[in-house]
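I have placed the structure first, in the form of structure tokens, so that the comments after it can refer back to it.
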2 protein chains.
Amino acid sequence: MTGEKLLKRGTFVFPSGPRICGWASAVGKKEGEGPLGGCFDEVWEDTSLGQRTWERAESRLQERAFELALEKCGKTPDLIFAGDLLDQCVASSLAHKSRDLPYLGIYGACSTMAQGLLLGAMAVDGGFSRVCAAVTSSHFCSAERQYRMPLDYGAVRPPTSQRTCTAAGCVLISSGGQGPIIRAGTVGSIVDAGVTDAADMGAAMAPAALETLVGLFDATGTSPEDYGLILTGDLGATGAGILRELMEMKGLHPGKRYADCGELIFSPSQDTHSGGSGCGCSAAVLCGRVLDELSRGMHGRVIFAGTGALLSPTSLCQGESISGICHGVILERGVEA
Amino acid sequence: MTGEKLLKRGTFVFPSGPRICGWASAVGKKEGEGPLGGCFDEVWEDTSLGQRTWERAESRLQERAFELALEKCGKTPDLIFAGDLLDQCVASSLAHKSRDLPYLGIYGACSTMAQGLLLGAMAVDGGFSRVCAAVTSSHFCSAERQYRMPLDYGAVRPPTSQRTCTAAGCVLISSGGQGPIIRAGTVGSIVDAGVTDAADMGAAMAPAALETLVGLFDATGTSPEDYGLILTGDLGATGAGILRELMEMKGLHPGKRYADCGELIFSPSQDTHSGGSGCGCSAAVLCGRVLDELSRGMHGRVIFAGTGALLSPTSLCQGESISGICHGVILERGVEA
């Protein structure tokens with residue numbers, strides 16, 4: 001069995017074709033005002049979501065994405081993979097503390113949704129779960145306080161910086177039924193390009209994205225032309241530009257097939273500098289737009305490549321460079337037989 | 001296939017019997033002076049491990065456990081599951097940043113090693129990995145600074161408090177070969193007993209441990225008498241005492257079969273109050289003692305139940321209660337045919 005599924009170190013196929021049987025997204029006001037505003041299931045004008053702390057607001061946003069996905073799909077998962085950017089992933093544990101469902105915390109920075117898709121597909125294809133959930137969130141206000149400055153300080157940010165999205169997404173993965181198929185994926189290695197500027201995380205993550213995409217193409221014998229969409233999340237405009245150049249240098253020419261969630265979620269007029277970031281950004285773009293497009297037949301096959309910057313405020317203060325990681329997932333339309 | 005592996009929500013068996021083909025532990029000075037001092041592969045008298053920050057010291061300790069496990073087993077993993085207690089799991093990402101091996105970050109507080117064993121066994125049994133690693137670490141000095149007070153402040157701690165161990169453990173799981181078998185396991189749900197005292201985390205985790213153990217016994221049709229050892233990690237003396245009472249109330253009488261890693265790793269004379277804690281504690285006790293005992297035939301079958309307290313310094317300040325989680329793993333001696 002191993003020989004069939006494991007194509008190459010870190011890249012495997014899911015022969016049973018786990019289905020994404022439900023998905024949902026919930027976002028904040030600014031994300032709702034962006035180009036994808038009409039795609040999300042819920043837009044919260046009040047980004048506190050009526051909660052007494054920003055951490056609870058993020059947690060509630062994650063809960064909403066989870067609850068909406070369950071409502072839309074009509075199935076309850078038997079396993080939850082959840083993660084976020086807060087210290088000790090506390091938005092996720094708060095969100096699921098009263099749920100009485102088996103829970104596994106994951107941490108991949110902004111690559112968390114891709115990681116959840118891969119682990120969820122492994123659990124379902126491997127026979128350990130009938131329906132599992134992959135859910136992530138981020139919140140501008142909880143992230144600013146933790147990673148940068150309390151909002152009240154009004155810090156000025158450089159053009160390479162990204163804005164953490166107030167957003168959450170949830171995917172339900174099942175062993176049968178309908179919906180887009182998780183066909184294959186690559187678990188990435190950590191790549192450190194020596195970047196130490198926390199306001200330029202796209203540059204820190206782009207080399208990892210390249211390595212994972214090259215590995216995924218190589219192991220599956222495919223090329224950019226085989227995909228309707230190759231989506232990274234979230235390199236932002238700066239990082240996506242770097243990745244485009246790196247791909248050209250490797251002889252890969254995705255052209256307009258390539259897009260980045262951080263670029264898609266905000267328009268330049270929204271003054272978010274290099275675009276969006278945060279676990280919730282790629283999750284919300286996946287759940288708000290890409291899965292709908294796949295199920296409507298706009299694409300036959302898509303790569304969703306979650307990119308994460310592995311750092312902490314402490315590691316930055318100590319002068320450690322920012323490592324990047326990228327996990328790639330091949331999603332297919334899933335035409336019914 | 002699902003029907004065979006998934007016994008009940010969150011509890012599954014691994015029919016192929018993934019093997020723990022290598023394991024190693026590395027600890028600090030105080031852990032080396034404890035009752036299990038002679039069991040560990042490496043004891044570092046200099047708990048800085050020659051590094052310039054405590055975070056790097058922890059990271060180096062995790063690296064040493066990983067490197068030693070690979071040396072002892074002679075195999076290189078194709079997938080790493082790693083996690084720790086630091087913000088954004090940065091000890092783990094630092095430890096594996098130059099390794100060029102597929103990497104998945106996990107967060108389960110002190111339950112992380114049990115979570116890694118379950119995910120690793122799922123990956124191997126499911127056919128997605130030939131050899132994978134589960135590795136965790138904690139360090140007294142990095143944890144004190146982050147969760148409580150900088151060491152220099154000399155904070156006084158109550159009798160219910162536990163001491164974060166300077167310790168790391170690594171397990172290699174393979175689809176064949178020799179070594180103890182990962183037979184089954186239970187992914188726990190989050191249980192919140194309403195505890196808000198961060199100096200009494202054993203009390204916060206004990207109800208989760210009870211729920212997971214009861215679920216594991218129930219789904220597998222076993223009882224405490226079927227195991228040579230039932231090991232939680234890390235409830236400490238206070239939490240283990242509570243769990244003993246809770247088990248008695250449920251009609252479970254494990255007696256001397258039950259032990260807790262936090263109680264085992266330090267002796268009362270070492271003035272660690274309620275005992276050890278931290279991701280590295282249960283990992284080092286598992287890799288330093290339990291797996292050796294299993295492979296020497298001292299036990300036929302063991303439950304390793306990792307317990308985690310899901311909190312962050314921020315969530316504590318905000319008055320959130322401390323949730324607990326417990327993941328249980330059934331390990332067997334693995335007699336060769």
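Just so we're on the same page: first chain in the structure tokens is A, next is B, and so on; residues restart at 1 for each chain, and ligands are numbered from 1 in the order they show up.
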
*Can you pull out every residue within 9 Å of Thr164 of chain B, counting only C-alpha atoms, but drop anything in the same chain fewer than 2 positions away, and send it as a VMD selection string?*
chain B and resid 138 to 141 143 to 144 162 166 to 167 275 to 281

_I'd like to know which residues of segment 1-130 of chain A are strand (DSSP E or B) (by DSSP, run on the backbone); could you write them as a PyMOL selection string?_
chain A and resi 6-8+11-13+19-28+42-44+79-84+102-106

*Rank B:Ser312, B:Ala219, B:Ser323, B:Glu63 by their smallest atom-to-atom distance to Gly10 of chain B, using only C-alpha atoms, and report the top residue only.*
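Going through B:Ser312, B:Ala219, B:Ser323, B:Glu63 one by one, the smallest distance to Gly10 of chain B is for B:Ala219.
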
Each residue of chain B lying at most 7 Å from chain A should get a row with its shortest atom-to-atom pair and the distance in Å to one decimal, counting only C-alpha atoms; could you produce that, ordered by chain and increasing number, as a tab-separated table?
residue	atom	partner	partner_atom	distance
B:Met1	CA	A:Gly127	CA	5.8
B:Thr2	CA	A:Gly127	CA	4.2
B:Lys5	CA	A:Phe128	CA	6.0
B:Leu6	CA	A:Phe128	CA	5.3
B:Arg9	CA	A:Asp78	CA	5.4
B:Gly10	CA	A:Pro102	CA	5.5
B:Phe12	CA	A:Phe128	CA	6.2
B:Asp78	CA	A:Arg9	CA	5.4
B:Leu79	CA	A:Gly10	CA	6.5
B:Asp87	CA	A:Asp87	CA	4.8
B:Gln88	CA	A:Ser312	CA	5.7
B:Val90	CA	A:Leu311	CA	6.3
B:Ser93	CA	A:Leu310	CA	6.6
B:Lys97	CA	A:Ile190	CA	5.1
B:Asp100	CA	A:Ser189	CA	5.3
B:Leu101	CA	A:Ser189	CA	5.0
B:Pro102	CA	A:Ser189	CA	4.2
B:Tyr103	CA	A:Ser189	CA	5.3
B:Gly105	CA	A:Tyr107	CA	4.9
B:Ile106	CA	A:Ile106	CA	4.2
B:Tyr107	CA	A:Gly105	CA	4.9
B:Gly108	CA	A:Gly105	CA	5.8
B:Met122	CA	A:Ala123	CA	6.9
B:Ala123	CA	A:Met122	CA	6.9
B:Gly126	CA	A:Gly126	CA	4.3
B:Gly127	CA	A:Thr2	CA	4.1
B:Phe128	CA	A:Leu6	CA	5.3
B:Ser129	CA	A:Leu6	CA	6.7
B:Val187	CA	A:Pro102	CA	5.4
B:Gly188	CA	A:Pro102	CA	4.9
B:Ser189	CA	A:Pro102	CA	4.3
B:Ile190	CA	A:Lys97	CA	5.1
B:Val191	CA	A:Lys97	CA	6.4
B:Asp192	CA	A:Lys97	CA	6.6
B:Leu310	CA	A:Ser93	CA	6.7
B:Leu311	CA	A:Val90	CA	6.3
B:Ser312	CA	A:Gln88	CA	5.7
B:Ser323	CA	A:Lys97	CA	6.9

*Please report, as number ranges by chain, each residue of segment 110-278 of chain B to which DSSP assigns helix (DSSP H, G or I) when run on this structure's backbone.*
B: 110-125, 140-147, 151-153, 201-220, 224-226, 236-249, 255-257, 261-265, 268-270

*Rounded to one decimal place, report the atom CA of Gly255 of chain A-atom CA of Val335 of chain A distance in Å.*
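Atom CA of Val335 of chain A lies at a distance of 26.2 Å from atom CA of Gly255 of chain A.
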
_One-decimal distance in Å that lies between atom CA of Ile230 of chain A and atom CA of Val290 of chain A_ =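 Between these atoms lies a distance of 10.6 Å.
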
_All residues 9 Å or closer to Glu45 of chain A, only C-alpha atoms, same chain fewer than 4 positions away omitted, as a VMD selection string_ = chain A and resid 27 to 30 32 49
